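**Student:** Following this line is work27.pdb, made up of PDB, C-alpha atoms, pLDDT in the B column:
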ATOM      1  CA  MET Z   1     284.613 212.509   8.242  1.00 49.00           C
ATOM      2  CA  GLY Z   2     285.145 209.637  10.685  1.00 60.00           C
ATOM      3  CA  LEU Z   3     282.817 207.203  12.356  1.00 74.00           C
ATOM      4  CA  ALA Z   4     280.438 209.042  14.725  1.00 72.00           C
ATOM      5  CA  LEU Z   5     281.059 207.639  18.199  1.00 82.00           C
ATOM      6  CA  GLU Z   6     280.084 208.542  21.728  1.00 81.00           C
ATOM      7  CA  GLY Z   7     282.197 210.869  23.888  1.00 91.00           C
ATOM      8  CA  THR Z   8     285.890 210.287  24.440  1.00 93.00           C
ATOM      9  CA  GLU Z   9     287.681 207.097  23.485  1.00 95.00           C
ATOM     10  CA  ARG Z  10     288.795 204.923  26.388  1.00 96.00           C
ATOM     11  CA  ILE Z  11     291.772 202.819  25.385  1.00 95.00           C
ATOM     12  CA  MET Z  12     292.563 199.395  26.772  1.00 96.00           C
ATOM     13  CA  GLN Z  13     296.115 198.569  27.786  1.00 95.00           C
ATOM     14  CA  ASP Z  14     298.174 195.865  26.102  1.00 95.00           C
ATOM     15  CA  GLY Z  15     297.553 192.628  27.988  1.00 96.00           C
ATOM     16  CA  ASP Z  16     294.142 193.690  29.350  1.00 97.00           C
ATOM     17  CA  LEU Z  17     291.458 191.014  29.213  1.00 98.00           C
ATOM     18  CA  ILE Z  18     287.783 191.893  29.522  1.00 98.00           C
ATOM     19  CA  VAL Z  19     285.570 188.918  30.392  1.00 98.00           C
ATOM     20  CA  SER Z  20     281.803 188.677  30.512  1.00 98.00           C
ATOM     21  CA  LYS Z  21     279.204 185.931  30.419  1.00 98.00           C
ATOM     22  CA  THR Z  22     275.553 186.095  29.438  1.00 97.00           C
ATOM     23  CA  ASP Z  23     272.567 183.810  29.404  1.00 97.00           C
ATOM     24  CA  THR Z  24     271.143 182.740  26.047  1.00 96.00           C
ATOM     25  CA  LYS Z  25     269.134 185.980  25.768  1.00 95.00           C
ATOM     26  CA  GLY Z  26     272.191 188.206  26.272  1.00 95.00           C
ATOM     27  CA  TRP Z  27     271.594 189.182  29.916  1.00 97.00           C
ATOM     28  CA  MET Z  28     274.868 189.486  31.829  1.00 98.00           C
ATOM     29  CA  THR Z  29     275.536 186.838  34.448  1.00 98.00           C
ATOM     30  CA  TYR Z  30     279.211 187.695  35.052  1.00 98.00           C
ATOM     31  CA  CYS Z  31     281.751 190.384  34.289  1.00 98.00           C
ATOM     32  CA  ASN Z  32     285.260 190.898  35.556  1.00 98.00           C
ATOM     33  CA  ASP Z  33     286.518 194.098  37.193  1.00 98.00           C
ATOM     34  CA  LEU Z  34     288.051 195.393  33.956  1.00 97.00           C
ATOM     35  CA  CYS Z  35     284.780 194.896  32.070  1.00 98.00           C
ATOM     36  CA  ALA Z  36     282.964 197.083  34.571  1.00 98.00           C
ATOM     37  CA  SER Z  37     285.802 199.587  34.899  1.00 97.00           C
ATOM     38  CA  ILE Z  38     286.282 200.321  31.202  1.00 97.00           C
ATOM     39  CA  ALA Z  39     282.511 200.512  30.767  1.00 97.00           C
ATOM     40  CA  GLU Z  40     282.392 202.972  33.692  1.00 97.00           C
ATOM     41  CA  TYR Z  41     279.938 200.839  35.670  1.00 98.00           C
ATOM     42  CA  GLU Z  42     280.060 198.985  38.956  1.00 98.00           C
ATOM     43  CA  ILE Z  43     279.897 195.209  38.548  1.00 98.00           C
ATOM     44  CA  ASP Z  44     276.532 195.036  40.315  1.00 97.00           C
ATOM     45  CA  GLU Z  45     275.131 197.596  37.860  1.00 97.00           C
ATOM     46  CA  MET Z  46     275.996 195.280  34.960  1.00 98.00           C
ATOM     47  CA  ILE Z  47     274.935 191.877  36.299  1.00 98.00           C
ATOM     48  CA  GLY Z  48     271.345 191.146  35.312  1.00 97.00           C
ATOM     49  CA  GLN Z  49     271.354 193.798  32.597  1.00 97.00           C
ATOM     50  CA  PRO Z  50     271.249 193.144  28.852  1.00 96.00           C
ATOM     51  CA  HIS Z  51     274.727 193.195  27.318  1.00 94.00           C
ATOM     52  CA  SER Z  52     273.287 195.794  24.934  1.00 93.00           C
ATOM     53  CA  ILE Z  53     273.626 198.479  27.653  1.00 95.00           C
ATOM     54  CA  ILE Z  54     277.151 198.928  26.288  1.00 96.00           C
ATOM     55  CA  ARG Z  55     276.129 198.909  22.634  1.00 93.00           C
ATOM     56  CA  SER Z  56     277.586 201.841  20.713  1.00 95.00           C
ATOM     57  CA  LYS Z  57     275.797 203.684  17.925  1.00 92.00           C
ATOM     58  CA  GLY Z  58     279.025 203.088  15.964  1.00 93.00           C
ATOM     59  CA  MET Z  59     278.420 199.338  15.799  1.00 95.00           C
ATOM     60  CA  PRO Z  60     276.708 198.130  12.600  1.00 97.00           C
ATOM     61  CA  ARG Z  61     273.605 196.067  13.233  1.00 95.00           C
ATOM     62  CA  CYS Z  62     274.617 193.562  10.570  1.00 97.00           C
ATOM     63  CA  VAL Z  63     277.807 192.664  12.463  1.00 97.00           C
ATOM     64  CA  PHE Z  64     275.828 192.088  15.678  1.00 92.00           C
ATOM     65  CA  LYS Z  65     273.319 189.964  13.769  1.00 94.00           C
ATOM     66  CA  LEU Z  66     276.171 187.898  12.326  1.00 95.00           C
ATOM     67  CA  LEU Z  67     277.660 187.513  15.809  1.00 94.00           C
ATOM     68  CA  TRP Z  68     274.372 186.410  17.387  1.00 93.00           C
ATOM     69  CA  ASP Z  69     273.492 184.086  14.499  1.00 95.00           C
ATOM     70  CA  ARG Z  70     276.870 182.388  14.769  1.00 95.00           C
ATOM     71  CA  ILE Z  71     276.939 181.871  18.521  1.00 95.00           C
ATOM     72  CA  ALA Z  72     273.270 180.825  18.689  1.00 94.00           C
ATOM     73  CA  ALA Z  73     274.131 178.146  16.110  1.00 95.00           C
ATOM     74  CA  GLY Z  74     276.890 176.891  18.421  1.00 96.00           C
ATOM     75  CA  HIS Z  75     279.888 178.456  16.678  1.00 97.00           C
ATOM     76  CA  GLU Z  76     282.552 180.773  18.030  1.00 97.00           C
ATOM     77  CA  ILE Z  77     283.200 184.147  16.450  1.00 97.00           C
ATOM     78  CA  PHE Z  78     285.872 186.803  16.471  1.00 97.00           C
ATOM     79  CA  ALA Z  79     284.773 190.386  15.898  1.00 97.00           C
ATOM     80  CA  PHE Z  80     285.883 193.967  16.335  1.00 98.00           C
ATOM     81  CA  VAL Z  81     283.348 195.725  18.528  1.00 97.00           C
ATOM     82  CA  VAL Z  82     282.967 199.308  19.647  1.00 97.00           C
ATOM     83  CA  ASN Z  83     281.128 199.677  22.949  1.00 96.00           C
ATOM     84  CA  LYS Z  84     279.835 202.680  24.849  1.00 96.00           C
ATOM     85  CA  SER Z  85     280.312 203.356  28.522  1.00 97.00           C
ATOM     86  CA  LYS Z  86     277.837 204.432  31.171  1.00 97.00           C
ATOM     87  CA  ASN Z  87     279.253 207.969  30.882  1.00 96.00           C
ATOM     88  CA  ASN Z  88     278.697 207.980  27.115  1.00 95.00           C
ATOM     89  CA  ASN Z  89     282.309 207.357  26.100  1.00 96.00           C
ATOM     90  CA  HIS Z  90     283.428 204.559  23.772  1.00 96.00           C
ATOM     91  CA  TYR Z  91     286.076 201.834  23.577  1.00 97.00           C
ATOM     92  CA  TRP Z  92     287.161 199.320  20.947  1.00 98.00           C
ATOM     93  CA  VAL Z  93     287.718 195.621  21.613  1.00 98.00           C
ATOM     94  CA  PHE Z  94     288.711 192.524  19.686  1.00 98.00           C
ATOM     95  CA  ALA Z  95     286.142 190.003  20.929  1.00 98.00           C
ATOM     96  CA  HIS Z  96     286.163 186.221  20.947  1.00 98.00           C
ATOM     97  CA  VAL Z  97     282.671 184.955  21.787  1.00 97.00           C
ATOM     98  CA  THR Z  98     281.871 181.302  22.394  1.00 97.00           C
ATOM     99  CA  PRO Z  99     278.790 179.378  23.470  1.00 98.00           C
ATOM    100  CA  SER Z 100     278.802 177.858  26.965  1.00 97.00           C
ATOM    101  CA  ARG Z 101     277.301 174.380  27.202  1.00 97.00           C
ATOM    102  CA  ASP Z 102     275.898 172.052  29.844  1.00 97.00           C
ATOM    103  CA  GLU Z 103     276.807 168.363  30.239  1.00 97.00           C
ATOM    104  CA  GLU Z 104     274.387 167.382  27.443  1.00 97.00           C
ATOM    105  CA  GLY Z 105     275.878 169.902  25.028  1.00 95.00           C
ATOM    106  CA  ASN Z 106     272.984 172.376  25.212  1.00 96.00           C
ATOM    107  CA  ILE Z 107     273.889 176.033  24.933  1.00 97.00           C
ATOM    108  CA  THR Z 108     273.357 177.694  28.324  1.00 97.00           C
ATOM    109  CA  GLY Z 109     274.896 181.082  27.603  1.00 97.00           C
ATOM    110  CA  TYR Z 110     277.847 182.840  26.029  1.00 98.00           C
ATOM    111  CA  HIS Z 111     281.358 183.707  27.137  1.00 97.00           C
ATOM    112  CA  SER Z 112     283.234 186.682  25.709  1.00 97.00           C
ATOM    113  CA  ASN Z 113     286.914 187.512  26.070  1.00 98.00           C
ATOM    114  CA  ARG Z 114     287.978 190.882  24.729  1.00 98.00           C
ATOM    115  CA  ARG Z 115     291.429 192.319  24.147  1.00 98.00           C
ATOM    116  CA  LYS Z 116     292.832 195.591  22.871  1.00 98.00           C
ATOM    117  CA  PRO Z 117     292.621 195.626  19.061  1.00 97.00           C
ATOM    118  CA  PHE Z 118     295.630 196.519  16.954  1.00 96.00           C
ATOM    119  CA  ASP Z 119     295.523 200.072  15.592  1.00 95.00           C
ATOM    120  CA  SER Z 120     296.223 198.692  12.106  1.00 96.00           C
ATOM    121  CA  ALA Z 121     293.066 196.546  12.325  1.00 97.00           C
ATOM    122  CA  LEU Z 122     290.961 199.525  13.381  1.00 97.00           C
ATOM    123  CA  GLU Z 123     292.239 201.429  10.334  1.00 96.00           C
ATOM    124  CA  VAL Z 124     290.399 198.793   8.273  1.00 96.00           C
ATOM    125  CA  ILE Z 125     287.369 198.320  10.543  1.00 97.00           C
ATOM    126  CA  LYS Z 126     286.420 201.957  11.202  1.00 96.00           C
ATOM    127  CA  PRO Z 127     285.768 202.881   7.541  1.00 96.00           C
ATOM    128  CA  LEU Z 128     284.012 199.549   6.988  1.00 97.00           C
ATOM    129  CA  TYR Z 129     281.706 200.117   9.957  1.00 97.00           C
ATOM    130  CA  LYS Z 130     281.071 203.701   8.842  1.00 96.00           C
ATOM    131  CA  ALA Z 131     280.017 202.437   5.399  1.00 97.00           C
ATOM    132  CA  LEU Z 132     277.789 199.708   6.865  1.00 97.00           C
ATOM    133  CA  ILE Z 133     276.069 202.157   9.214  1.00 96.00           C
ATOM    134  CA  ALA Z 134     275.558 204.613   6.344  1.00 96.00           C
ATOM    135  CA  GLU Z 135     273.942 201.813   4.346  1.00 97.00           C
ATOM    136  CA  GLU Z 136     271.650 200.938   7.263  1.00 96.00           C
ATOM    137  CA  ALA Z 137     270.687 204.614   7.644  1.00 95.00           C
ATOM    138  CA  LYS Z 138     269.441 204.863   4.035  1.00 96.00           C
ATOM    139  CA  TYR Z 139     266.304 202.941   5.017  1.00 96.00           C
ATOM    140  CA  LYS Z 140     263.487 204.099   7.278  1.00 94.00           C
ATOM    141  CA  ASN Z 141     262.565 200.467   7.877  1.00 95.00           C
ATOM    142  CA  ARG Z 142     265.200 198.972  10.224  1.00 93.00           C
ATOM    143  CA  LYS Z 143     264.777 195.473   8.772  1.00 96.00           C
ATOM    144  CA  GLU Z 144     265.426 196.774   5.263  1.00 97.00           C
ATOM    145  CA  GLY Z 145     268.486 198.646   6.527  1.00 97.00           C
ATOM    146  CA  LEU Z 146     269.788 195.514   8.220  1.00 97.00           C
ATOM    147  CA  ALA Z 147     269.228 193.474   5.060  1.00 97.00           C
ATOM    148  CA  ALA Z 148     271.017 196.096   2.953  1.00 98.00           C
ATOM    149  CA  SER Z 149     274.064 196.308   5.232  1.00 97.00           C
ATOM    150  CA  THR Z 150     274.221 192.520   5.461  1.00 97.00           C
ATOM    151  CA  ALA Z 151     274.191 192.333   1.647  1.00 97.00           C
ATOM    152  CA  MET Z 152     276.900 194.995   1.525  1.00 97.00           C
ATOM    153  CA  LEU Z 153     279.126 193.087   3.976  1.00 97.00           C
ATOM    154  CA  THR Z 154     278.535 189.849   2.076  1.00 97.00           C
ATOM    155  CA  SER Z 155     279.459 191.573  -1.196  1.00 97.00           C
ATOM    156  CA  ILE Z 156     282.672 193.009   0.287  1.00 97.00           C
ATOM    157  CA  LEU Z 157     283.717 189.583   1.557  1.00 96.00           C
ATOM    158  CA  GLN Z 158     282.905 187.966  -1.805  1.00 97.00           C
ATOM    159  CA  GLU Z 159     284.983 190.609  -3.623  1.00 96.00           C
ATOM    160  CA  LYS Z 160     287.902 189.781  -1.330  1.00 95.00           C
ATOM    161  CA  GLY Z 161     287.284 186.060  -1.815  1.00 96.00           C
ATOM    162  CA  VAL Z 162     287.185 185.342   1.917  1.00 96.00           C
ATOM    163  CA  GLU Z 163     284.781 184.237   4.614  1.00 94.00           C
ATOM    164  CA  TYR Z 164     284.086 186.583   7.531  1.00 95.00           C
ATOM    165  CA  ASP Z 165     286.419 184.758   9.946  1.00 93.00           C
ATOM    166  CA  GLU Z 166     289.298 184.758   7.489  1.00 95.00           C
ATOM    167  CA  PHE Z 167     288.827 188.491   6.867  1.00 97.00           C
ATOM    168  CA  ILE Z 168     288.709 189.377  10.578  1.00 96.00           C
ATOM    169  CA  LEU Z 169     291.680 187.244  11.587  1.00 94.00           C
ATOM    170  CA  ALA Z 170     293.806 188.535   8.697  1.00 94.00           C
ATOM    171  CA  ILE Z 171     293.579 192.224   9.577  1.00 93.00           C
TER
END
Have the structure of the file written as structure tokens, please.

**Tutor:**
Amino acid sequence: MGLALEGTERIMQDGDLIVSKTDTKGWMTYCNDLCASIAEYEIDEMIGQPHSIIRSKGMPRCVFKLLWDRIAAGHEIFAFVVNKSKNNNHYWVFAHVTPSRDEEGNITGYHSNRRKPFDSALEVIKPLYKALIAEEAKYKNRKEGLAASTAMLTSILQEKGVEYDEFILAI
């Protein structure tokens, strides 16, 4: 059985580039036309909303925590992300998220560029995400589930002898 995702898959085209920006709390301050279109929203429906309005149930919480921890600490991150649309469909992206900074170097928000992921990468990511979500679901307490899936991801990376970034960029 595959990863349980919303509705029908919407597939990006080669060369598509989704762009969005958020404030430091994750509220959208900008999105390009493609971001709104693939998410089946109008741009003005997305601006001022939390980026989590497009969060799919197929996205492990531990990967989002890793993403937010990294960018809040001032680092960039690459990640495979499955999002949901307004009409309850889903779409996969390969995201590159970076902090935005003011003249003094303070983080003022985040910038995300997303491209179509390679099918071969999703063949690795989908079963991994399914396993991480299953681990999270074993616990009634969400914090315990998050801790367990984080430990599972850490263990997988240690077994492979790689850091998260190296793993993601190699698939």

**Student:** Which polymer residues have any atom within 6 Å of an atom of Ser112 of chain Z, counting only C-alpha atoms, with same-chain residues fewer than 4 positions away left out, as a PyMOL selection string?

**Tutor:** chain Z and resi 19-20+96-97

**Student:** Could you please take those selected residues and save C-alpha atoms as a PDB file, in the frame of the given file?

**Tutor:**
ATOM      1  CA  VAL Z  19     285.570 188.918  30.392  1.00 98.00           C
ATOM      2  CA  SER Z  20     281.803 188.677  30.512  1.00 98.00           C
ATOM      3  CA  HIS Z  96     286.163 186.221  20.947  1.00 98.00           C
ATOM      4  CA  VAL Z  97     282.671 184.955  21.787  1.00 97.00           C
TER       5      VAL Z  97
END

**Student:** Tell me which protein, DNA and RNA residues are within 9 Å of segment 152-167 of chain Z, counting only C-alpha atoms, leaving out same-chain ones fewer than 3 positions away, and put them as a list in words.

**Tutor:**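 Residues meeting the cut-off are Cys62, Val63, Ile77, Phe78, Ala79, Leu128, Ala131, Leu132, Glu135, Ala147, Ala148, Ser149, Ala170 and Ile171 of chain Z.
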
**Student:** Store the residues of this selection in a file with C-alpha atoms, as an mmCIF file, keeping the file's coordinate frame.

**Tutor:**
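Result file is result.cif:
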data_model
loop_
_atom_site.group_PDB
_atom_site.id
_atom_site.type_symbol
_atom_site.label_atom_id
_atom_site.label_comp_id
_atom_site.auth_asym_id
_atom_site.auth_seq_id
_atom_site.Cartn_x
_atom_site.Cartn_y
_atom_site.Cartn_z
ATOM 1 C CA CYS Z 62 274.617 193.562 10.570
ATOM 2 C CA VAL Z 63 277.807 192.664 12.463
ATOM 3 C CA ILE Z 77 283.200 184.147 16.450
ATOM 4 C CA PHE Z 78 285.872 186.803 16.471
ATOM 5 C CA ALA Z 79 284.773 190.386 15.898
ATOM 6 C CA LEU Z 128 284.012 199.549 6.988
ATOM 7 C CA ALA Z 131 280.017 202.437 5.399
ATOM 8 C CA LEU Z 132 277.789 199.708 6.865
ATOM 9 C CA GLU Z 135 273.942 201.813 4.346
ATOM 10 C CA ALA Z 147 269.228 193.474 5.060
ATOM 11 C CA ALA Z 148 271.017 196.096 2.953
ATOM 12 C CA SER Z 149 274.064 196.308 5.232
ATOM 13 C CA ALA Z 170 293.806 188.535 8.697
ATOM 14 C CA ILE Z 171 293.579 192.224 9.577
#

**Student:** Excluding segment 11-16 of chain Z and any residue of its chain fewer than 3 positions from it, enumerate the residues within 7 Å of it, using all atoms listed in the file, and give them as a list in words.

**Tutor:**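 Residues near the query, excluding close chain neighbours: Tyr91, Arg115 and Lys116 of chain Z.
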
**Student:** Once the PyMOL selection byres ((chain Z and resi 30-45) around 6) has been applied to the shown file, what residues remain in the selection, as a ChimeraX atom specification?

**Tutor:** /Z:18-21,28-29,46-47,85-86

**Student:** Report as a PyMOL selection string the full result of the PyMOL selection byres ((chain Z and resi 68) around 12) when it is applied to this structure.

**Tutor:** chain Z and resi 24-26+61-67+69-79+97-99+109-110

**Student:** On this structure, the PyMOL selection byres ((chain Z and resi 6) around 10) would catch which residues? List them as a list in words, sorted by chain and number.

**Tutor:** Leu3, Ala4, Leu5, Gly7, Thr8, Glu9, Ser56, Lys57, Gly58, Val82, Asn83, Lys84, Ser85, Asn87, Asn88, Asn89, His90 and Tyr91 of chain Z

**Student:** To box segment 144-150 of chain Z, take all atoms listed in the file, fit an axis-aligned box, add 4 Å on each side, and give centre and edge lengths in Å to one decimal, as AutoDock Vina command-line options.

**Tutor:**
--center_x 269.8 --center_y 195.6 --center_z 5.6 --size_x 16.8 --size_y 14.1 --size_z 13.3

**Student:** What would segment 116-141 of chain Z look like with N, CA and C atoms in place, written as a PDB file, in the frame of the given file?

**Tutor:**
ATOM      1  N   LYS Z 116     292.587 194.351  23.594  1.00 98.00           N
ATOM      2  CA  LYS Z 116     292.832 195.591  22.871  1.00 98.00           C
ATOM      3  C   LYS Z 116     293.092 195.251  21.401  1.00 98.00           C
ATOM      4  N   PRO Z 117     292.377 195.880  20.493  1.00 97.00           N
ATOM      5  CA  PRO Z 117     292.621 195.626  19.061  1.00 97.00           C
ATOM      6  C   PRO Z 117     293.870 196.368  18.596  1.00 97.00           C
ATOM      7  N   PHE Z 118     294.500 195.833  17.566  1.00 96.00           N
ATOM      8  CA  PHE Z 118     295.630 196.519  16.954  1.00 96.00           C
ATOM      9  C   PHE Z 118     295.128 197.756  16.222  1.00 96.00           C
ATOM     10  N   ASP Z 119     295.884 198.841  16.303  1.00 95.00           N
ATOM     11  CA  ASP Z 119     295.523 200.072  15.592  1.00 95.00           C
ATOM     12  C   ASP Z 119     295.387 199.815  14.097  1.00 95.00           C
ATOM     13  N   SER Z 120     296.270 198.971  13.541  1.00 96.00           N
ATOM     14  CA  SER Z 120     296.223 198.692  12.106  1.00 96.00           C
ATOM     15  C   SER Z 120     294.908 198.011  11.716  1.00 96.00           C
ATOM     16  N   ALA Z 121     294.356 197.187  12.602  1.00 97.00           N
ATOM     17  CA  ALA Z 121     293.066 196.546  12.325  1.00 97.00           C
ATOM     18  C   ALA Z 121     291.943 197.577  12.351  1.00 97.00           C
ATOM     19  N   LEU Z 122     292.007 198.500  13.298  1.00 97.00           N
ATOM     20  CA  LEU Z 122     290.961 199.525  13.381  1.00 97.00           C
ATOM     21  C   LEU Z 122     290.992 200.456  12.177  1.00 97.00           C
ATOM     22  N   GLU Z 123     292.156 200.612  11.551  1.00 96.00           N
ATOM     23  CA  GLU Z 123     292.239 201.429  10.334  1.00 96.00           C
ATOM     24  C   GLU Z 123     291.414 200.805   9.211  1.00 96.00           C
ATOM     25  N   VAL Z 124     291.228 199.497   9.254  1.00 96.00           N
ATOM     26  CA  VAL Z 124     290.399 198.793   8.273  1.00 96.00           C
ATOM     27  C   VAL Z 124     288.933 198.771   8.732  1.00 96.00           C
ATOM     28  N   ILE Z 125     288.718 198.506  10.000  1.00 97.00           N
ATOM     29  CA  ILE Z 125     287.369 198.320  10.543  1.00 97.00           C
ATOM     30  C   ILE Z 125     286.567 199.618  10.604  1.00 97.00           C
ATOM     31  N   LYS Z 126     287.178 200.706  11.040  1.00 96.00           N
ATOM     32  CA  LYS Z 126     286.420 201.957  11.202  1.00 96.00           C
ATOM     33  C   LYS Z 126     285.757 202.420   9.901  1.00 96.00           C
ATOM     34  N   PRO Z 127     286.471 202.473   8.763  1.00 96.00           N
ATOM     35  CA  PRO Z 127     285.768 202.881   7.541  1.00 96.00           C
ATOM     36  C   PRO Z 127     284.731 201.850   7.074  1.00 96.00           C
ATOM     37  N   LEU Z 128     284.994 200.579   7.329  1.00 97.00           N
ATOM     38  CA  LEU Z 128     284.012 199.549   6.988  1.00 97.00           C
ATOM     39  C   LEU Z 128     282.742 199.750   7.802  1.00 97.00           C
ATOM     40  N   TYR Z 129     282.871 199.929   9.104  1.00 97.00           N
ATOM     41  CA  TYR Z 129     281.706 200.117   9.957  1.00 97.00           C
ATOM     42  C   TYR Z 129     280.975 201.401   9.587  1.00 97.00           C
ATOM     43  N   LYS Z 130     281.703 202.439   9.261  1.00 96.00           N
ATOM     44  CA  LYS Z 130     281.071 203.701   8.842  1.00 96.00           C
ATOM     45  C   LYS Z 130     280.219 203.465   7.602  1.00 96.00           C
ATOM     46  N   ALA Z 131     280.761 202.720   6.629  1.00 97.00           N
ATOM     47  CA  ALA Z 131     280.017 202.437   5.399  1.00 97.00           C
ATOM     48  C   ALA Z 131     278.784 201.572   5.674  1.00 97.00           C
ATOM     49  N   LEU Z 132     278.925 200.584   6.547  1.00 97.00           N
ATOM     50  CA  LEU Z 132     277.789 199.708   6.865  1.00 97.00           C
ATOM     51  C   LEU Z 132     276.681 200.479   7.578  1.00 97.00           C
ATOM     52  N   ILE Z 133     277.067 201.349   8.501  1.00 96.00           N
ATOM     53  CA  ILE Z 133     276.069 202.157   9.214  1.00 96.00           C
ATOM     54  C   ILE Z 133     275.386 203.133   8.251  1.00 96.00           C
ATOM     55  N   ALA Z 134     276.149 203.708   7.344  1.00 96.00           N
ATOM     56  CA  ALA Z 134     275.558 204.613   6.344  1.00 96.00           C
ATOM     57  C   ALA Z 134     274.556 203.858   5.480  1.00 96.00           C
ATOM     58  N   GLU Z 135     274.871 202.627   5.132  1.00 97.00           N
ATOM     59  CA  GLU Z 135     273.942 201.813   4.346  1.00 97.00           C
ATOM     60  C   GLU Z 135     272.665 201.535   5.142  1.00 97.00           C
ATOM     61  N   GLU Z 136     272.816 201.196   6.417  1.00 96.00           N
ATOM     62  CA  GLU Z 136     271.650 200.938   7.263  1.00 96.00           C
ATOM     63  C   GLU Z 136     270.770 202.184   7.371  1.00 96.00           C
ATOM     64  N   ALA Z 137     271.407 203.352   7.441  1.00 95.00           N
ATOM     65  CA  ALA Z 137     270.687 204.614   7.644  1.00 95.00           C
ATOM     66  C   ALA Z 137     269.896 205.062   6.413  1.00 95.00           C
ATOM     67  N   LYS Z 138     270.156 204.486   5.255  1.00 96.00           N
ATOM     68  CA  LYS Z 138     269.441 204.863   4.035  1.00 96.00           C
ATOM     69  C   LYS Z 138     267.978 204.423   4.073  1.00 96.00           C
ATOM     70  N   TYR Z 139     267.636 203.541   4.990  1.00 96.00           N
ATOM     71  CA  TYR Z 139     266.304 202.941   5.017  1.00 96.00           C
ATOM     72  C   TYR Z 139     265.560 203.344   6.280  1.00 96.00           C
ATOM     73  N   LYS Z 140     264.314 203.769   6.112  1.00 94.00           N
ATOM     74  CA  LYS Z 140     263.487 204.099   7.278  1.00 94.00           C
ATOM     75  C   LYS Z 140     263.112 202.829   8.025  1.00 94.00           C
ATOM     76  N   ASN Z 141     262.906 201.753   7.282  1.00 95.00           N
ATOM     77  CA  ASN Z 141     262.565 200.467   7.877  1.00 95.00           C
ATOM     78  C   ASN Z 141     263.865 199.793   8.344  1.00 95.00           C
TER      79      ASN Z 141
END
